[in-house]
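Structure below is structure.pdb: PDB, C-alpha atoms and all ligand atoms.
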```pdb
MODEL        1
ATOM      1  CA  VAL A 837      -5.563 -15.342   4.996
ATOM      2  CA  SER A 838      -8.325 -17.455   6.495
ATOM      3  CA  VAL A 839     -10.034 -18.071   3.133
ATOM      4  CA  CYS A 840      -6.668 -19.259   1.764
ATOM      5  CA  GLY A 841      -6.357 -21.867   4.527
ATOM      6  CA  GLY A 842      -4.363 -19.877   7.090
ATOM      7  CA  PRO A 843      -5.308 -18.744  10.574
ATOM      8  CA  THR A 844      -8.340 -16.585  11.285
ATOM      9  CA  ILE A 845      -7.030 -13.241  12.529
ATOM     10  CA  PRO A 846      -9.266 -10.925  14.541
ATOM     11  CA  VAL A 847      -8.670  -7.327  13.424
ATOM     12  CA  GLN A 848     -10.106  -4.294  15.100
ATOM     13  CA  LEU A 849     -12.282  -2.218  12.765
ATOM     14  CA  GLY A 850     -12.523   1.585  12.788
ATOM     15  CA  ARG A 851      -8.917   2.588  12.142
ATOM     16  CA  LEU A 852      -8.717   6.236  11.151
ATOM     17  CA  ASP A 853      -7.187   7.062   7.780
ATOM     18  CA  SER A 854      -4.089   9.233   7.906
ATOM     19  CA  LEU A 855      -4.525  12.761   6.578
ATOM     20  CA  GLU A 856      -1.030  12.870   5.135
ATOM     21  CA  PRO A 857       1.402  10.380   3.581
ATOM     22  CA  ASP A 858       4.012   8.637   5.714
ATOM     23  CA  ALA A 859       7.618   9.804   5.546
ATOM     24  CA  GLU A 860       9.662   8.258   2.732
ATOM     25  CA  GLY A 861      11.739   5.166   3.405
ATOM     26  CA  LYS A 862       9.676   3.492   6.121
ATOM     27  CA  LEU A 863       8.943   0.368   4.079
ATOM     28  CA  PRO A 864      11.891  -2.042   3.886
ATOM     29  CA  ARG A 865      13.479  -2.238   0.455
ATOM     30  CA  GLU A 866      13.658  -5.684  -1.107
ATOM     31  CA  SER A 867      17.422  -5.201  -1.565
ATOM     32  CA  LEU A 868      18.060  -5.006   2.204
ATOM     33  CA  ASP A 869      20.250  -7.688   3.785
ATOM     34  CA  ALA A 870      19.258  -9.473   7.007
ATOM     35  CA  PRO A 871      20.815  -6.886   9.390
ATOM     36  CA  GLY A 872      19.003  -4.126   7.453
ATOM     37  CA  LEU A 873      15.671  -5.965   7.589
ATOM     38  CA  LYS A 874      16.080  -6.658  11.315
ATOM     39  CA  GLN A 875      16.873  -2.993  11.977
ATOM     40  CA  ASN A 876      13.869  -1.801   9.942
ATOM     41  CA  PHE A 877      11.504  -4.113  11.849
ATOM     42  CA  LYS A 878      13.127  -3.285  15.203
ATOM     43  CA  ARG A 879      12.405   0.406  14.636
ATOM     44  CA  LYS A 880       8.720  -0.583  14.529
ATOM     45  CA  GLY A 881       9.045  -2.688  17.703
ATOM     46  CA  LEU A 882       9.073  -5.992  15.792
ATOM     47  CA  SER A 883      11.586  -8.718  16.707
ATOM     48  CA  THR A 884      13.600 -10.993  14.429
ATOM     49  CA  GLN A 885      11.107 -13.769  15.112
ATOM     50  CA  GLU A 886       8.284 -11.454  14.028
ATOM     51  CA  LEU A 887      10.250 -10.464  10.890
ATOM     52  CA  VAL A 888      10.567 -14.127   9.920
ATOM     53  CA  ALA A 889       6.949 -14.958  10.787
ATOM     54  CA  LEU A 890       5.554 -11.953   8.878
ATOM     55  CA  SER A 891       7.736 -12.624   5.841
ATOM     56  CA  GLY A 892       5.868 -15.946   5.555
ATOM     57  CA  ALA A 893       3.004 -13.898   4.042
ATOM     58  CA  HIS A 894       4.997 -14.223   0.810
ATOM     59  CA  THR A 895       3.602 -17.757   0.593
ATOM     60  CA  LEU A 896       0.685 -15.974  -1.085
ATOM     61  CA  GLY A 897       1.082 -14.517  -4.571
ATOM     62  CA  SER A 898       3.324 -15.240  -7.448
ATOM     63  CA  LYS A 899       6.823 -15.429  -6.016
ATOM     64  CA  GLY A 900       7.086 -19.199  -6.356
ATOM     65  CA  PHE A 901       6.414 -20.353  -2.795
ATOM     66  CA  GLY A 902       3.896 -23.088  -3.548
ATOM     67  CA  SER A 903       0.345 -22.313  -4.669
ATOM     68  CA  PRO A 904      -0.318 -18.547  -5.036
ATOM     69  CA  PHE A 905      -3.707 -18.999  -3.350
ATOM     70  CA  VAL A 906      -2.790 -21.205  -0.389
ATOM     71  CA  PHE A 907      -1.582 -19.812   2.923
ATOM     72  CA  ASP A 908       0.691 -22.499   4.397
ATOM     73  CA  ASN A 909       4.321 -22.911   5.523
ATOM     74  CA  SER A 910       5.664 -23.710   2.036
ATOM     75  CA  TYR A 911       7.563 -20.373   2.130
ATOM     76  CA  TYR A 912       9.926 -21.809   4.786
ATOM     77  CA  LYS A 913      10.174 -25.268   3.245
ATOM     78  CA  ILE A 914      11.101 -23.825  -0.149
ATOM     79  CA  LEU A 915      13.524 -21.286   1.388
ATOM     80  CA  LEU A 916      15.439 -24.192   2.977
ATOM     81  CA  GLU A 917      15.718 -25.918  -0.422
ATOM     82  CA  LYS A 918      17.298 -22.747  -1.916
ATOM     83  CA  PRO A 919      15.932 -23.528  -5.412
ATOM     84  CA  TRP A 920      16.883 -20.048  -6.706
ATOM     85  CA  LYS A 921      20.551 -21.110  -6.586
ATOM     86  CA  SER A 922      20.110 -23.535  -9.467
ATOM     87  CA  SER A 923      20.721 -21.720 -12.735
ATOM     88  CA  GLY A 924      18.153 -20.373 -15.174
ATOM     89  CA  GLY A 925      14.557 -21.332 -15.932
ATOM     90  CA  MET A 926      11.602 -20.657 -13.663
ATOM     91  CA  SER A 927      13.664 -21.304 -10.527
ATOM     92  CA  SER A 928      15.330 -17.902 -10.886
ATOM     93  CA  MET A 929      11.867 -16.388 -10.203
ATOM     94  CA  ILE A 930      11.557 -17.806  -6.699
ATOM     95  CA  GLY A 931      11.582 -15.267  -3.891
ATOM     96  CA  LEU A 932      12.829 -11.713  -3.441
ATOM     97  CA  PRO A 933      16.396 -10.843  -2.399
ATOM     98  CA  SER A 934      14.969 -10.026   1.059
ATOM     99  CA  ASP A 935      13.522 -13.553   1.294
ATOM    100  CA  HIS A 936      16.862 -15.105   0.353
ATOM    101  CA  ALA A 937      18.697 -12.865   2.843
ATOM    102  CA  LEU A 938      16.805 -14.440   5.757
ATOM    103  CA  VAL A 939      18.288 -17.899   5.093
ATOM    104  CA  GLU A 940      21.829 -16.483   5.235
ATOM    105  CA  ASP A 941      21.318 -15.203   8.792
ATOM    106  CA  ASP A 942      21.755 -17.735  11.625
ATOM    107  CA  GLU A 943      19.115 -16.217  13.904
ATOM    108  CA  CYS A 944      16.533 -16.032  11.085
ATOM    109  CA  LEU A 945      17.470 -19.522   9.890
ATOM    110  CA  ARG A 946      16.578 -20.991  13.296
ATOM    111  CA  TRP A 947      13.024 -19.589  12.966
ATOM    112  CA  ILE A 948      12.764 -20.655   9.305
ATOM    113  CA  LYS A 949      13.542 -24.240  10.362
ATOM    114  CA  LYS A 950      10.991 -24.138  13.194
ATOM    115  CA  TYR A 951       8.241 -22.819  10.907
ATOM    116  CA  ALA A 952       9.136 -25.325   8.145
ATOM    117  CA  ASP A 953       8.696 -28.123  10.711
ATOM    118  CA  ASN A 954       5.673 -26.785  12.529
ATOM    119  CA  GLN A 955       2.889 -25.090  10.580
ATOM    120  CA  ASN A 956       0.764 -24.546  13.707
ATOM    121  CA  MET A 957       3.562 -22.595  15.329
ATOM    122  CA  PHE A 958       3.877 -20.460  12.163
ATOM    123  CA  PHE A 959       0.121 -19.798  12.067
ATOM    124  CA  ASN A 960       0.064 -18.763  15.712
ATOM    125  CA  ASP A 961       3.159 -16.546  15.536
ATOM    126  CA  PHE A 962       1.990 -15.008  12.241
ATOM    127  CA  LYS A 963      -1.382 -14.172  13.756
ATOM    128  CA  ASN A 964       0.138 -12.429  16.776
ATOM    129  CA  ALA A 965       2.769 -10.551  14.763
ATOM    130  CA  TYR A 966       0.181  -9.479  12.162
ATOM    131  CA  ILE A 967      -2.111  -8.025  14.839
ATOM    132  CA  LYS A 968       0.888  -6.120  16.233
ATOM    133  CA  LEU A 969       1.852  -4.900  12.728
ATOM    134  CA  VAL A 970      -1.571  -3.578  11.740
ATOM    135  CA  ASN A 971      -2.088  -1.885  15.117
ATOM    136  CA  SER A 972       1.307  -0.209  15.038
ATOM    137  CA  GLY A 973       0.981   3.561  14.751
ATOM    138  CA  ALA A 974      -2.785   3.339  14.156
ATOM    139  CA  ARG A 975      -5.344   5.777  15.496
ATOM    140  CA  TRP A 976      -8.862   4.654  16.334
ATOM    141  CA  LYS A 977     -12.207   6.309  16.162
ATOM    142  CA  SER A 978     -13.309   6.965  19.723
ATOM    143  CA  LEU A 979     -16.775   5.552  20.232
TER     144      LEU A 979
HETATM  145  C1  LIG B1001      10.377  -8.267   5.046
HETATM  146  C2  LIG B1001      10.206  -7.190   4.316
HETATM  147  C3  LIG B1001       9.366  -7.199   3.069
HETATM  148  C4  LIG B1001       9.792  -6.819   1.833
HETATM  149  C5  LIG B1001      11.169  -6.265   1.469
HETATM  150  C6  LIG B1001       8.686  -7.040   0.932
HETATM  151  C7  LIG B1001       8.700  -6.768  -0.421
HETATM  152  C8  LIG B1001       7.712  -7.114  -1.310
HETATM  153  C9  LIG B1001       7.724  -6.849  -2.738
HETATM  154  C10 LIG B1001       8.845  -6.082  -3.470
HETATM  155  C11 LIG B1001       6.622  -7.396  -3.277
HETATM  156  C12 LIG B1001       6.192  -7.388  -4.760
HETATM  157  C13 LIG B1001       6.678  -8.641  -5.410
HETATM  158  C14 LIG B1001       6.410  -8.679  -6.909
HETATM  159  O1  LIG B1001       5.312  -9.086  -7.290
HETATM  160  O2  LIG B1001       7.294  -8.342  -7.671
HETATM  161  C15 LIG B1001       5.867  -7.991  -2.195
HETATM  162  C16 LIG B1001       4.669  -8.665  -2.343
HETATM  163  C17 LIG B1001       3.861  -9.056  -1.310
HETATM  164  N1  LIG B1001       4.136  -8.920   0.031
HETATM  165 FE1  LIG B1001       5.879  -8.298   0.829
HETATM  166  N2  LIG B1001       7.613  -7.539   1.623
HETATM  167  C18 LIG B1001       7.982  -7.634   2.943
HETATM  168  C19 LIG B1001       7.185  -8.052   3.990
HETATM  169  C20 LIG B1001       5.845  -8.372   3.863
HETATM  170  C21 LIG B1001       4.931  -8.512   4.983
HETATM  171  C22 LIG B1001       5.283  -8.256   6.447
HETATM  172  C23 LIG B1001       3.726  -8.888   4.462
HETATM  173  C24 LIG B1001       2.400  -9.144   5.148
HETATM  174  C25 LIG B1001       2.316  -9.562   6.408
HETATM  175  C26 LIG B1001       3.897  -8.990   3.015
HETATM  176  C27 LIG B1001       2.925  -9.408   2.116
HETATM  177  C28 LIG B1001       3.067  -9.404   0.743
HETATM  178  C29 LIG B1001       2.073  -9.932  -0.175
HETATM  179  C30 LIG B1001       0.738 -10.594   0.201
HETATM  180  C31 LIG B1001       2.564  -9.712  -1.464
HETATM  181  C32 LIG B1001       1.875 -10.035  -2.780
HETATM  182  C33 LIG B1001       2.528 -11.163  -3.472
HETATM  183  C34 LIG B1001       1.956 -11.359  -4.892
HETATM  184  O3  LIG B1001       0.805 -11.054  -5.133
HETATM  185  O4  LIG B1001       2.722 -11.841  -5.716
HETATM  186  N3  LIG B1001       5.188  -8.649   2.700
HETATM  187  N4  LIG B1001       6.558  -7.812  -1.019
ENDMDL
END
```
Rewrite the structure from the file as structure tokens, please.
Ligand code: HEM
Amino acid sequence: VSVCGGPTIPVQLGRLDSLEPDAEGKLPRESLDAPGLKQNFKRKGLSTQELVALSGAHTLGSKGFGSPFVFDNSYYKILLEKPWKSSGGMSSMIGLPSDHALVEDDECLRWIKKYADNQNMFFNDFKNAYIKLVNSGARWKSL
């Protein structure tokens, strides 16, 4: 994230690998609507604000939110433009259904607008939510 221009995120090293796979169905499906996404994140102790901030990671990669290699707030700016609603062509490639679902939800939309206006706020909230996400359910090697 840092190399791509986003915030530097301190992560604790030494997480223990799990010895068995997680139960099925813990990852949110991309077909979930906003209430479903909120519920999935809530089960992991993550708020709606954290859902919206973490989803901003989709600014990276090839889903059409600006440069694939740049971590910035273009995810939110492009979500507000709703370019996937125009028919055909490359625009139909922008975003996942779960990204589009966030704009349709009033509570999520409020955070999308804040992050589109204020990249520093997005970077800070993303950093905190990411630390919470990667520490969730982790076990650590005792030193
Ligand atoms: C909100 C629920 C989420 C759903 C339903 C979801 C779903 C997906 C799916 C289906 C893809 C593959 C897209 C494709 O190439 O076809 C993807 C890519 C990716 N996701 Fe998520 N994701 C979610 C949240 C997150 C979070 C929390 C993060 C990290 C903080 C994240 C980071 C990424 C990244 C970096 C990629 C790679 C993009 C690329 O290389 O094109 N996603 N996600």
Have a look at A:Pro857, A:Phe959, A:Val888, A:Val939 and name the one nearest to ligand LIG 1001 (chain B); count all atoms listed in the file.
->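 Going through A:Pro857, A:Phe959, A:Val888, A:Val939 one by one, the smallest distance to ligand LIG 1001 (chain B) is for A:Val888.
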Evaluate the PyMOL selection byres (((not hetatm)) within 9 of (chain B and resi 1001)) and report residues as a count of residues only = 37
Can you turn the PyMOL selection byres (((chain A and resi 975) around 10) and not hetatm) into a concrete residue list for this file, as an NGL selection string?
-> :A and (850-854 or 971-974 or 976-978)
Which one is closest to Lys913 of chain A: A:Gly842, A:Asn960, A:Leu945, A:Gln875? Count all atoms listed in the file.
->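 That would be A:Leu945, the residue with the smallest distance to Lys913 of chain A.
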Looking at A:Pro843, A:Pro871, A:Gly881, A:Gly902, which one is nearest to Phe958 of chain A, with distances taken over only C-alpha atoms?
->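 Comparing A:Pro843, A:Pro871, A:Gly881, A:Gly902 against Phe958 of chain A, the winner is A:Pro843.
Pairwise distance (atom CA of Glu917 of chain A, atom CA of Tyr951 of chain A) equals 13.9 Å.
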Return the single residue from A:Pro919, A:Pro846, A:Gly841, A:Gly861 that is closest to Phe907 of chain A, with distances computed using all atoms listed in the file.
->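 Among the listed residues, the smallest separation from Phe907 of chain A belongs to A:Gly841.
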Quick one: distance from atom CA of Lys918 of chain A to atom CA of Ile948 of chain A in Å, one decimal?
->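 Calculated distance between atom CA of Lys918 of chain A and atom CA of Ile948 of chain A is 12.3 Å.
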note - atom CA of Gln885 of chain A and atom CA of Cys944 of chain A are separated by 7.1 Å
Segment 897-912 of chain A, all listed atoms, 4 Å padding on each side: what axis-aligned box centre and edge lengths in Å to one decimal come out, as JSON?
```
{"center_x": 3.1, "center_y": -19.1, "center_z": -1.0, "size_x": 21.6, "size_y": 17.2, "size_z": 21.0}
```
Tell me which of A:Lys963, A:Lys880, A:Lys949, A:Lys968 sits closest to Leu916 of chain A, counting all atoms listed in the file.
->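 Distance minimum relative to Leu916 of chain A lands on A:Lys949.
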Taking the point (-7.2, -22.8, 1.1) as given in the file, collect each protein or nucleic acid residue that comes within 6 Å of it, counting all atoms listed in the file, and present the set as an NGL selection string.
-> :A and (839-841 or 906)
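Among A:Ser838, A:Thr844, A:Ser910, A:Thr884, the residue with the shortest atom-to-atom distance to Asp942 of chain A, counting all atoms listed in the file, is A:Thr884.
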